[in-house]
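structure.csv (CSV, C-alpha atoms) appears below.
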chain,number,residue,atom,x,y,z
A,865,ALA,CA,-70.0,-113.3,39.3
A,866,GLN,CA,-69.6,-109.6,40.0
A,867,ARG,CA,-72.3,-107.2,39.1
A,868,VAL,CA,-72.9,-103.5,39.4
A,869,THR,CA,-76.5,-102.1,39.3
A,870,GLN,CA,-77.4,-98.5,38.8
A,871,PRO,CA,-81.2,-98.6,38.9
A,872,GLU,CA,-81.8,-95.1,37.4
A,873,LYS,CA,-80.9,-94.5,33.8
A,874,LEU,CA,-82.0,-90.8,34.1
A,875,LEU,CA,-82.1,-88.5,37.1
A,876,SER,CA,-83.3,-84.9,36.9
A,877,VAL,CA,-83.0,-82.4,39.7
A,878,PHE,CA,-83.1,-78.6,40.1
A,879,LYS,CA,-80.1,-76.5,40.9
A,880,GLY,CA,-79.5,-76.4,44.7
A,881,ALA,CA,-81.4,-79.6,45.3
A,882,PRO,CA,-79.8,-82.6,46.9
A,883,VAL,CA,-78.9,-85.5,44.6
A,884,GLU,CA,-78.2,-89.2,45.2
A,885,LEU,CA,-77.1,-91.6,42.5
A,886,LYS,CA,-77.6,-95.1,43.5
A,887,CYS,CA,-75.2,-98.0,43.0
A,888,ASN,CA,-75.5,-101.5,44.3
A,889,TYR,CA,-73.0,-104.3,43.7
A,890,SER,CA,-72.7,-108.0,44.1
A,891,TYR,CA,-69.4,-109.6,44.8
A,892,SER,CA,-68.4,-112.2,47.3
A,893,GLY,CA,-64.9,-110.8,48.0
A,894,SER,CA,-63.7,-107.5,49.3
A,895,PRO,CA,-64.9,-104.8,46.9
A,896,GLU,CA,-63.1,-101.8,45.6
A,897,LEU,CA,-65.6,-99.3,44.2
A,898,PHE,CA,-65.2,-96.1,42.1
A,899,TRP,CA,-67.4,-93.5,40.6
A,900,TYR,CA,-66.5,-92.2,37.2
A,901,VAL,CA,-68.0,-89.2,35.5
A,902,GLN,CA,-68.3,-88.4,31.8
A,903,TYR,CA,-69.1,-84.9,30.7
A,904,SER,CA,-70.6,-84.4,27.3
A,905,ARG,CA,-68.4,-85.9,24.6
A,906,GLN,CA,-65.4,-86.2,26.9
A,907,ARG,CA,-63.4,-89.1,28.3
A,908,LEU,CA,-64.4,-90.8,31.5
A,909,GLN,CA,-62.6,-89.5,34.5
A,910,LEU,CA,-62.3,-90.7,38.0
A,911,LEU,CA,-64.6,-88.9,40.5
A,912,LEU,CA,-64.2,-90.9,43.7
A,913,ARG,CA,-62.8,-94.1,45.0
A,914,HIS,CA,-64.1,-95.6,48.2
A,915,ILE,CA,-60.7,-96.3,49.8
A,916,SER,CA,-59.9,-92.6,49.7
A,917,ARG,CA,-63.0,-91.5,51.6
A,918,GLU,CA,-62.6,-88.1,49.9
A,919,SER,CA,-65.0,-85.4,48.7
A,920,ILE,CA,-64.6,-84.3,45.1
A,921,LYS,CA,-66.6,-81.4,43.7
A,922,GLY,CA,-68.9,-81.7,46.7
A,923,PHE,CA,-69.7,-85.3,46.0
A,924,THR,CA,-69.2,-88.1,48.6
A,925,ALA,CA,-69.9,-91.8,48.5
A,926,ASP,CA,-69.9,-94.3,51.4
A,927,LEU,CA,-69.4,-98.0,51.0
A,928,ASN,CA,-72.1,-99.8,52.9
A,929,LYS,CA,-71.1,-103.5,52.9
A,930,GLY,CA,-74.3,-104.5,54.7
A,931,GLU,CA,-76.5,-103.1,51.9
A,932,THR,CA,-73.8,-103.7,49.2
A,933,SER,CA,-74.2,-100.1,48.1
A,934,PHE,CA,-72.0,-97.2,47.1
A,935,HIS,CA,-74.4,-94.4,46.5
A,936,LEU,CA,-73.1,-91.0,45.3
A,937,LYS,CA,-74.4,-87.9,47.1
A,938,LYS,CA,-74.2,-84.2,46.8
A,939,PRO,CA,-76.2,-81.8,49.1
A,940,PHE,CA,-76.6,-79.0,46.5
A,941,ALA,CA,-76.5,-79.9,42.9
A,942,GLN,CA,-75.0,-77.4,40.3
A,943,GLU,CA,-75.7,-77.2,36.6
A,944,GLU,CA,-72.1,-78.2,35.8
A,945,ASP,CA,-72.8,-81.5,37.5
A,946,SER,CA,-74.9,-82.6,34.5
A,947,ALA,CA,-73.1,-85.6,33.2
A,948,MET,CA,-73.2,-89.4,32.9
A,949,TYR,CA,-72.1,-91.1,36.1
A,950,TYR,CA,-70.8,-94.7,36.2
A,951,CYS,CA,-70.3,-96.8,39.3
A,952,ALA,CA,-67.4,-99.3,38.9
A,953,LEU,CA,-66.3,-102.4,40.8
A,954,VAL,CA,-62.8,-103.7,40.8
A,955,THR,CA,-62.3,-107.4,41.5
A,956,LYS,CA,-59.2,-109.6,41.4
A,957,GLY,CA,-59.1,-113.2,40.3
A,958,GLY,CA,-55.6,-114.6,40.7
A,959,SER,CA,-53.2,-112.0,39.4
A,960,ASN,CA,-55.8,-110.5,37.1
A,961,TYR,CA,-57.7,-107.3,37.8
A,962,LYS,CA,-61.1,-106.7,36.3
A,963,LEU,CA,-63.2,-103.6,36.2
A,964,THR,CA,-67.0,-103.9,35.9
A,965,PHE,CA,-69.2,-100.9,35.2
A,966,GLY,CA,-72.8,-100.2,35.9
A,967,LYS,CA,-74.9,-99.0,33.0
A,968,GLY,CA,-74.7,-95.5,34.1
A,969,THR,CA,-77.0,-92.7,35.2
A,970,LEU,CA,-77.5,-89.5,33.2
A,971,LEU,CA,-77.8,-86.6,35.7
A,972,THR,CA,-79.4,-83.4,34.5
A,973,VAL,CA,-79.4,-80.4,36.8
A,974,ASN,CA,-82.0,-77.9,35.7
A,975,PRO,CA,-81.6,-74.1,36.4
B,931,ASN,CA,-46.9,-87.6,29.7
B,932,ALA,CA,-49.7,-87.9,27.2
B,933,GLY,CA,-51.8,-90.5,29.2
B,934,VAL,CA,-53.9,-92.7,27.0
B,935,THR,CA,-54.1,-91.9,23.3
B,936,GLN,CA,-56.6,-93.3,21.0
B,937,THR,CA,-56.8,-93.0,17.2
B,938,PRO,CA,-58.8,-92.3,15.1
B,939,LYS,CA,-61.3,-90.2,16.9
B,940,PHE,CA,-64.0,-90.7,14.1
B,941,GLN,CA,-64.3,-93.3,11.5
B,942,VAL,CA,-67.0,-94.5,9.1
B,943,LEU,CA,-66.7,-98.0,7.7
B,944,LYS,CA,-68.6,-100.0,5.2
B,945,THR,CA,-70.0,-103.4,6.2
B,946,GLY,CA,-67.3,-106.0,5.8
B,947,GLN,CA,-64.4,-103.7,5.9
B,948,SER,CA,-61.6,-104.2,8.5
B,949,MET,CA,-59.9,-101.6,10.6
B,950,THR,CA,-57.7,-101.2,13.7
B,951,LEU,CA,-58.3,-98.8,16.5
B,952,GLN,CA,-55.0,-97.8,18.1
B,953,CYS,CA,-54.4,-97.3,21.8
B,954,ALA,CA,-51.2,-96.2,23.4
B,955,GLN,CA,-50.2,-95.3,27.0
B,956,ASP,CA,-47.0,-93.9,28.3
B,957,MET,CA,-47.5,-94.6,32.0
B,958,ASN,CA,-46.0,-98.1,32.0
B,959,HIS,CA,-49.4,-99.6,33.0
B,960,GLU,CA,-49.7,-103.3,32.9
B,961,TYR,CA,-53.4,-103.4,32.5
B,962,MET,CA,-55.1,-102.2,29.3
B,963,SER,CA,-58.6,-102.7,28.1
B,964,TRP,CA,-61.2,-101.8,25.5
B,965,TYR,CA,-64.8,-100.9,26.1
B,966,ARG,CA,-67.7,-100.1,23.9
B,967,GLN,CA,-70.3,-97.6,25.0
B,968,ASP,CA,-73.8,-97.8,23.7
B,969,PRO,CA,-77.0,-96.0,24.8
B,970,GLY,CA,-78.7,-97.8,27.7
B,971,MET,CA,-76.0,-100.4,27.8
B,972,GLY,CA,-73.3,-98.5,29.7
B,973,LEU,CA,-69.7,-99.6,29.2
B,974,ARG,CA,-69.1,-103.2,28.2
B,975,LEU,CA,-65.7,-104.8,28.3
B,976,ILE,CA,-64.5,-106.2,24.9
B,977,HIS,CA,-61.0,-107.4,25.6
B,978,TYR,CA,-58.3,-106.8,28.2
B,979,SER,CA,-54.7,-107.4,28.8
B,980,VAL,CA,-52.7,-107.7,32.1
B,981,GLY,CA,-49.3,-107.4,30.4
B,982,ALA,CA,-47.4,-107.8,27.1
B,983,GLY,CA,-48.2,-111.1,25.5
B,984,ILE,CA,-51.3,-111.7,27.6
B,985,THR,CA,-54.8,-111.0,26.5
B,986,ASP,CA,-58.3,-112.2,27.5
B,987,GLN,CA,-61.9,-111.8,26.5
B,988,GLY,CA,-64.3,-109.6,28.2
B,989,GLU,CA,-68.1,-109.5,28.0
B,990,VAL,CA,-68.5,-108.8,24.3
B,991,PRO,CA,-65.5,-110.1,22.4
B,992,ASN,CA,-67.1,-111.4,19.2
B,993,GLY,CA,-66.0,-109.7,16.1
B,994,TYR,CA,-62.9,-108.1,17.7
B,995,ASN,CA,-59.3,-109.2,18.0
B,996,VAL,CA,-56.5,-107.7,20.2
B,997,SER,CA,-52.8,-108.2,20.7
B,998,ARG,CA,-50.3,-106.9,23.2
B,999,SER,CA,-46.8,-107.0,21.8
B,1000,THR,CA,-45.6,-104.1,23.9
B,1001,THR,CA,-46.5,-102.6,27.2
B,1002,GLU,CA,-47.5,-99.4,25.6
B,1003,ASP,CA,-49.8,-100.5,22.8
B,1004,PHE,CA,-53.1,-102.3,22.7
B,1005,PRO,CA,-54.7,-102.2,19.3
B,1006,LEU,CA,-58.3,-103.4,18.7
B,1007,ARG,CA,-59.0,-104.9,15.3
B,1008,LEU,CA,-62.4,-105.2,13.7
B,1009,LEU,CA,-62.1,-108.1,11.3
B,1010,SER,CA,-65.3,-107.6,9.2
B,1011,ALA,CA,-67.2,-104.6,10.4
B,1012,ALA,CA,-71.0,-105.0,11.0
B,1013,PRO,CA,-73.6,-102.3,11.7
B,1014,SER,CA,-73.9,-103.7,15.2
B,1015,GLN,CA,-70.4,-102.5,15.9
B,1016,THR,CA,-71.4,-98.9,15.5
B,1017,SER,CA,-70.5,-97.5,18.9
B,1018,VAL,CA,-68.1,-95.4,20.8
B,1019,TYR,CA,-65.0,-97.2,21.9
B,1020,PHE,CA,-62.8,-96.4,24.9
B,1021,CYS,CA,-59.4,-97.7,25.7
B,1022,ALA,CA,-58.3,-97.7,29.4
B,1023,SER,CA,-55.2,-98.5,31.3
B,1024,SER,CA,-54.0,-98.8,34.9
B,1025,PHE,CA,-51.5,-100.5,37.0
B,1026,ASN,CA,-52.5,-104.1,37.6
B,1027,ARG,CA,-53.3,-103.8,41.2
B,1028,GLY,CA,-56.2,-102.6,43.2
B,1029,GLY,CA,-56.8,-99.1,44.3
B,1030,ASN,CA,-55.3,-97.5,41.2
B,1031,THR,CA,-57.0,-95.0,39.0
B,1032,ILE,CA,-58.0,-96.3,35.6
B,1033,TYR,CA,-57.2,-93.8,32.9
B,1034,PHE,CA,-59.4,-93.5,29.8
B,1035,GLY,CA,-58.7,-92.4,26.2
B,1036,GLU,CA,-60.9,-89.8,24.6
B,1037,GLY,CA,-62.9,-92.3,22.7
B,1038,SER,CA,-63.3,-93.3,19.1
B,1039,TRP,CA,-66.7,-92.8,17.3
B,1040,LEU,CA,-67.2,-95.6,14.8
B,1041,THR,CA,-70.1,-95.8,12.4
B,1042,VAL,CA,-70.5,-98.9,10.2
B,1043,VAL,CA,-72.9,-98.4,7.3
Starting from the file, give its structure as structure tokens.
Amino acid sequence: AQRVTQPEKLLSVFKGAPVELKCNYSYSGSPELFWYVQYSRQRLQLLLRHISRESIKGFTADLNKGETSFHLKKPFAQEEDSAMYYCALVTKGGSNYKLTFGKGTLLTVNP
Amino acid sequence: NAGVTQTPKFQVLKTGQSMTLQCAQDMNHEYMSWYRQDPGMGLRLIHYSVGAGITDQGEVPNGYNVSRSTTEDFPLRLLSAAPSQTSVYFCASSFNRGGNTIYFGEGSWLTVV
């Protein structure tokens, strides 16, 4: 069965420091991975998807199939990055499409 | 288009009452789903649907019913509310194929007393 693990519930850094939010997954097929962000009392919104290999708001994430990881990184954290971050795995079984979330990491960027 | 619309945003229920959380999307998405978000538990899938007339259970389906009579709507029914169902509920939708963005509603804060 597929699983997404975010080992840190809470992560606190200072403004300007590098930040890395960890995500590991288990899935026997070819994974599609996403990072979603939820700012205080707002809806979840897509931050990154691995197939796009893009950088959004200074964040990047690289899929490492050998380590089954999709860690989210930013070299210089900003206060507005404070939010809950969810790693998500999309899998397909037959014609069905299933999205599994990790438990989330609450990032706090201190001034 | 409006995206994913959820109502109500806030609701207080008494134990044993029933209610329906509404979810609608105007993007012609096949896939719709309901999640609950609880502190320390992340997002847990309640039910999902891959098209009109097709629904399936997720990780935590007990106490909830769904139906999908149209592509646009995916209501979540609480049959007999319990305090354990106090949570924030999110509806989400996407096209039913990989690589597509999943869009979320704004959330519904439900308290069962």
Item to check | Cut-off 10 Å around (-80.3, -79.4, 46.2) with all atoms listed in the file: residues as a ChimeraX atom specification | outcome: /A:877-883,938-942,973
Item to check | chain A residues near chain B (12 Å cut-off, only C-alpha atoms) as a ChimeraX atom specification | outcome: /A:868-874,894-916,948-970
Checklist entry - What lies within 9 Å of His977 of chain B using all atoms listed in the file, ignoring chain neighbours under 6 positions off, as a ChimeraX atom specification? => result /B:962-965,985-991,994-996,1006
Item to check | Val1018 of chain B surroundings by all atoms listed in the file, 6 Å radius, close-in-sequence under 2 positions cut, as a PyMOL selection string | outcome: chain B and resi 966-967+1038-1039
Test item: residues at most 9 Å from Gln947 of chain B, all atoms listed in the file, excluding those fewer than 5 positions along its chain, as a short mmCIF file (atom, residue, chain, number, x, y, z; two decimals) with C-alpha atoms, in the frame of the given file:
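Output file part_9.cif is given in full below:
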data_model
loop_
_atom_site.label_atom_id
_atom_site.label_comp_id
_atom_site.auth_asym_id
_atom_site.auth_seq_id
_atom_site.Cartn_x
_atom_site.Cartn_y
_atom_site.Cartn_z
CA LEU B 1008 -62.40 -105.20 13.70
CA LEU B 1009 -62.10 -108.10 11.30
CA SER B 1010 -65.30 -107.60 9.20
CA ALA B 1011 -67.20 -104.60 10.40
CA ALA B 1012 -71.00 -105.00 11.00
CA VAL B 1042 -70.50 -98.90 10.20
#
Checklist entry - Rounded to one decimal in Å, what is the spacing between atom CA of Glu884 of chain A and atom CA of Glu931 of chain A? => result 15.5 Å
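For the pair atom CA of Phe1004 of chain B and atom CA of Ile976 of chain B, the separation is 12.2 Å.
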Checklist entry - Closest to Ser997 of chain B among B:Leu943, B:Leu1040, B:Met957, B:Leu951, using all atoms listed in the file? => result B:Leu951
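Here atom CA of Arg867 of chain A stands at a distance of 25.8 Å from atom CA of Asp945 of chain A.
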If we count all atoms listed in the file, what is near Ser876 of chain A at a cut-off of 8 Å, once residues fewer than 6 positions away on the same chain are taken out, given as a CSV table (one decimal) with C-alpha atoms, in the coordinates of the input?
chain,number,residue,atom,x,y,z
A,971,LEU,CA,-77.8,-86.6,35.7
A,972,THR,CA,-79.4,-83.4,34.5
A,973,VAL,CA,-79.4,-80.4,36.8
A,974,ASN,CA,-82.0,-77.9,35.7
Reconstruct segment 906-931 of chain A at the level of N, CA, C and O atoms, and format the result as a PDB file, in the coordinates of the input.
ATOM      1  N   GLN A 906     -66.781 -86.147  26.369  1.00  0.00           N
ATOM      2  CA  GLN A 906     -65.400 -86.200  26.900  1.00  0.00           C
ATOM      3  C   GLN A 906     -65.088 -87.579  27.390  1.00  0.00           C
ATOM      4  O   GLN A 906     -65.951 -88.448  27.446  1.00  0.00           O
ATOM      5  N   ARG A 907     -63.847 -87.774  27.738  1.00  0.00           N
ATOM      6  CA  ARG A 907     -63.400 -89.100  28.300  1.00  0.00           C
ATOM      7  C   ARG A 907     -63.937 -89.248  29.675  1.00  0.00           C
ATOM      8  O   ARG A 907     -64.237 -88.289  30.374  1.00  0.00           O
ATOM      9  N   LEU A 908     -64.037 -90.493  30.091  1.00  0.00           N
ATOM     10  CA  LEU A 908     -64.400 -90.800  31.500  1.00  0.00           C
ATOM     11  C   LEU A 908     -63.229 -90.355  32.377  1.00  0.00           C
ATOM     12  O   LEU A 908     -62.061 -90.529  32.048  1.00  0.00           O
ATOM     13  N   GLN A 909     -63.591 -89.849  33.523  1.00  0.00           N
ATOM     14  CA  GLN A 909     -62.600 -89.500  34.500  1.00  0.00           C
ATOM     15  C   GLN A 909     -63.003 -89.900  35.886  1.00  0.00           C
ATOM     16  O   GLN A 909     -64.197 -89.921  36.193  1.00  0.00           O
ATOM     17  N   LEU A 910     -62.027 -90.217  36.686  1.00  0.00           N
ATOM     18  CA  LEU A 910     -62.300 -90.700  38.000  1.00  0.00           C
ATOM     19  C   LEU A 910     -62.906 -89.537  38.863  1.00  0.00           C
ATOM     20  O   LEU A 910     -62.393 -88.420  38.864  1.00  0.00           O
ATOM     21  N   LEU A 911     -63.975 -89.844  39.572  1.00  0.00           N
ATOM     22  CA  LEU A 911     -64.600 -88.900  40.500  1.00  0.00           C
ATOM     23  C   LEU A 911     -64.194 -89.209  41.916  1.00  0.00           C
ATOM     24  O   LEU A 911     -63.671 -88.381  42.645  1.00  0.00           O
ATOM     25  N   LEU A 912     -64.465 -90.457  42.305  1.00  0.00           N
ATOM     26  CA  LEU A 912     -64.200 -90.900  43.700  1.00  0.00           C
ATOM     27  C   LEU A 912     -63.818 -92.317  43.741  1.00  0.00           C
ATOM     28  O   LEU A 912     -64.237 -93.115  42.914  1.00  0.00           O
ATOM     29  N   ARG A 913     -63.061 -92.662  44.760  1.00  0.00           N
ATOM     30  CA  ARG A 913     -62.800 -94.100  45.000  1.00  0.00           C
ATOM     31  C   ARG A 913     -63.093 -94.289  46.523  1.00  0.00           C
ATOM     32  O   ARG A 913     -62.811 -93.408  47.342  1.00  0.00           O
ATOM     33  N   HIS A 914     -63.619 -95.436  46.857  1.00  0.00           N
ATOM     34  CA  HIS A 914     -64.100 -95.600  48.200  1.00  0.00           C
ATOM     35  C   HIS A 914     -62.962 -95.654  49.232  1.00  0.00           C
ATOM     36  O   HIS A 914     -63.120 -95.241  50.363  1.00  0.00           O
ATOM     37  N   ILE A 915     -61.796 -96.141  48.809  1.00  0.00           N
ATOM     38  CA  ILE A 915     -60.700 -96.300  49.800  1.00  0.00           C
ATOM     39  C   ILE A 915     -60.151 -94.930  50.195  1.00  0.00           C
ATOM     40  O   ILE A 915     -59.514 -94.820  51.226  1.00  0.00           O
ATOM     41  N   SER A 916     -60.398 -93.906  49.401  1.00  0.00           N
ATOM     42  CA  SER A 916     -59.900 -92.600  49.700  1.00  0.00           C
ATOM     43  C   SER A 916     -60.754 -91.820  50.690  1.00  0.00           C
ATOM     44  O   SER A 916     -60.296 -90.879  51.333  1.00  0.00           O
ATOM     45  N   ARG A 917     -62.033 -92.172  50.714  1.00  0.00           N
ATOM     46  CA  ARG A 917     -63.000 -91.500  51.600  1.00  0.00           C
ATOM     47  C   ARG A 917     -62.898 -89.966  51.411  1.00  0.00           C
ATOM     48  O   ARG A 917     -62.872 -89.227  52.376  1.00  0.00           O
ATOM     49  N   GLU A 918     -62.821 -89.542  50.173  1.00  0.00           N
ATOM     50  CA  GLU A 918     -62.600 -88.100  49.900  1.00  0.00           C
ATOM     51  C   GLU A 918     -63.913 -87.489  49.398  1.00  0.00           C
ATOM     52  O   GLU A 918     -64.882 -88.176  49.081  1.00  0.00           O
ATOM     53  N   SER A 919     -63.899 -86.179  49.310  1.00  0.00           N
ATOM     54  CA  SER A 919     -65.000 -85.400  48.700  1.00  0.00           C
ATOM     55  C   SER A 919     -64.464 -84.667  47.539  1.00  0.00           C
ATOM     56  O   SER A 919     -63.519 -83.892  47.676  1.00  0.00           O
ATOM     57  N   ILE A 920     -65.024 -84.927  46.371  1.00  0.00           N
ATOM     58  CA  ILE A 920     -64.600 -84.300  45.100  1.00  0.00           C
ATOM     59  C   ILE A 920     -65.737 -83.516  44.552  1.00  0.00           C
ATOM     60  O   ILE A 920     -66.818 -84.077  44.360  1.00  0.00           O
ATOM     61  N   LYS A 921     -65.533 -82.232  44.259  1.00  0.00           N
ATOM     62  CA  LYS A 921     -66.600 -81.400  43.700  1.00  0.00           C
ATOM     63  C   LYS A 921     -67.855 -81.434  44.511  1.00  0.00           C
ATOM     64  O   LYS A 921     -68.964 -81.334  43.984  1.00  0.00           O
ATOM     65  N   GLY A 922     -67.717 -81.647  45.810  1.00  0.00           N
ATOM     66  CA  GLY A 922     -68.900 -81.700  46.700  1.00  0.00           C
ATOM     67  C   GLY A 922     -69.562 -83.027  46.782  1.00  0.00           C
ATOM     68  O   GLY A 922     -70.507 -83.197  47.549  1.00  0.00           O
ATOM     69  N   PHE A 923     -69.078 -84.003  46.002  1.00  0.00           N
ATOM     70  CA  PHE A 923     -69.700 -85.300  46.000  1.00  0.00           C
ATOM     71  C   PHE A 923     -68.983 -86.208  47.065  1.00  0.00           C
ATOM     72  O   PHE A 923     -67.778 -86.120  47.266  1.00  0.00           O
ATOM     73  N   THR A 924     -69.771 -87.055  47.694  1.00  0.00           N
ATOM     74  CA  THR A 924     -69.200 -88.100  48.600  1.00  0.00           C
ATOM     75  C   THR A 924     -69.929 -89.399  48.297  1.00  0.00           C
ATOM     76  O   THR A 924     -71.028 -89.428  47.715  1.00  0.00           O
ATOM     77  N   ALA A 925     -69.280 -90.461  48.698  1.00  0.00           N
ATOM     78  CA  ALA A 925     -69.900 -91.800  48.500  1.00  0.00           C
ATOM     79  C   ALA A 925     -69.363 -92.665  49.659  1.00  0.00           C
ATOM     80  O   ALA A 925     -68.158 -92.673  49.921  1.00  0.00           O
ATOM     81  N   ASP A 926     -70.244 -93.362  50.305  1.00  0.00           N
ATOM     82  CA  ASP A 926     -69.900 -94.300  51.400  1.00  0.00           C
ATOM     83  C   ASP A 926     -70.182 -95.688  51.025  1.00  0.00           C
ATOM     84  O   ASP A 926     -71.293 -95.991  50.562  1.00  0.00           O
ATOM     85  N   LEU A 927     -69.211 -96.533  51.263  1.00  0.00           N
ATOM     86  CA  LEU A 927     -69.400 -98.000  51.000  1.00  0.00           C
ATOM     87  C   LEU A 927     -70.196 -98.549  52.174  1.00  0.00           C
ATOM     88  O   LEU A 927     -69.778 -98.442  53.326  1.00  0.00           O
ATOM     89  N   ASN A 928     -71.324 -99.163  51.873  1.00  0.00           N
ATOM     90  CA  ASN A 928     -72.100 -99.800  52.900  1.00  0.00           C
ATOM     91  C   ASN A 928     -72.130-101.332  52.545  1.00  0.00           C
ATOM     92  O   ASN A 928     -72.867-101.790  51.664  1.00  0.00           O
ATOM     93  N   LYS A 929     -71.281-102.066  53.232  1.00  0.00           N
ATOM     94  CA  LYS A 929     -71.100-103.500  52.900  1.00  0.00           C
ATOM     95  C   LYS A 929     -72.389-104.277  53.259  1.00  0.00           C
ATOM     96  O   LYS A 929     -72.718-105.263  52.604  1.00  0.00           O
ATOM     97  N   GLY A 930     -73.086-103.835  54.293  1.00  0.00           N
ATOM     98  CA  GLY A 930     -74.300-104.500  54.700  1.00  0.00           C
ATOM     99  C   GLY A 930     -75.375-104.481  53.602  1.00  0.00           C
ATOM    100  O   GLY A 930     -76.064-105.456  53.310  1.00  0.00           O
ATOM    101  N   GLU A 931     -75.488-103.302  53.000  1.00  0.00           N
ATOM    102  CA  GLU A 931     -76.500-103.100  51.900  1.00  0.00           C
ATOM    103  C   GLU A 931     -75.863-103.277  50.554  1.00  0.00           C
ATOM    104  O   GLU A 931     -76.561-103.085  49.551  1.00  0.00           O
TER     105      GLU A 931
END
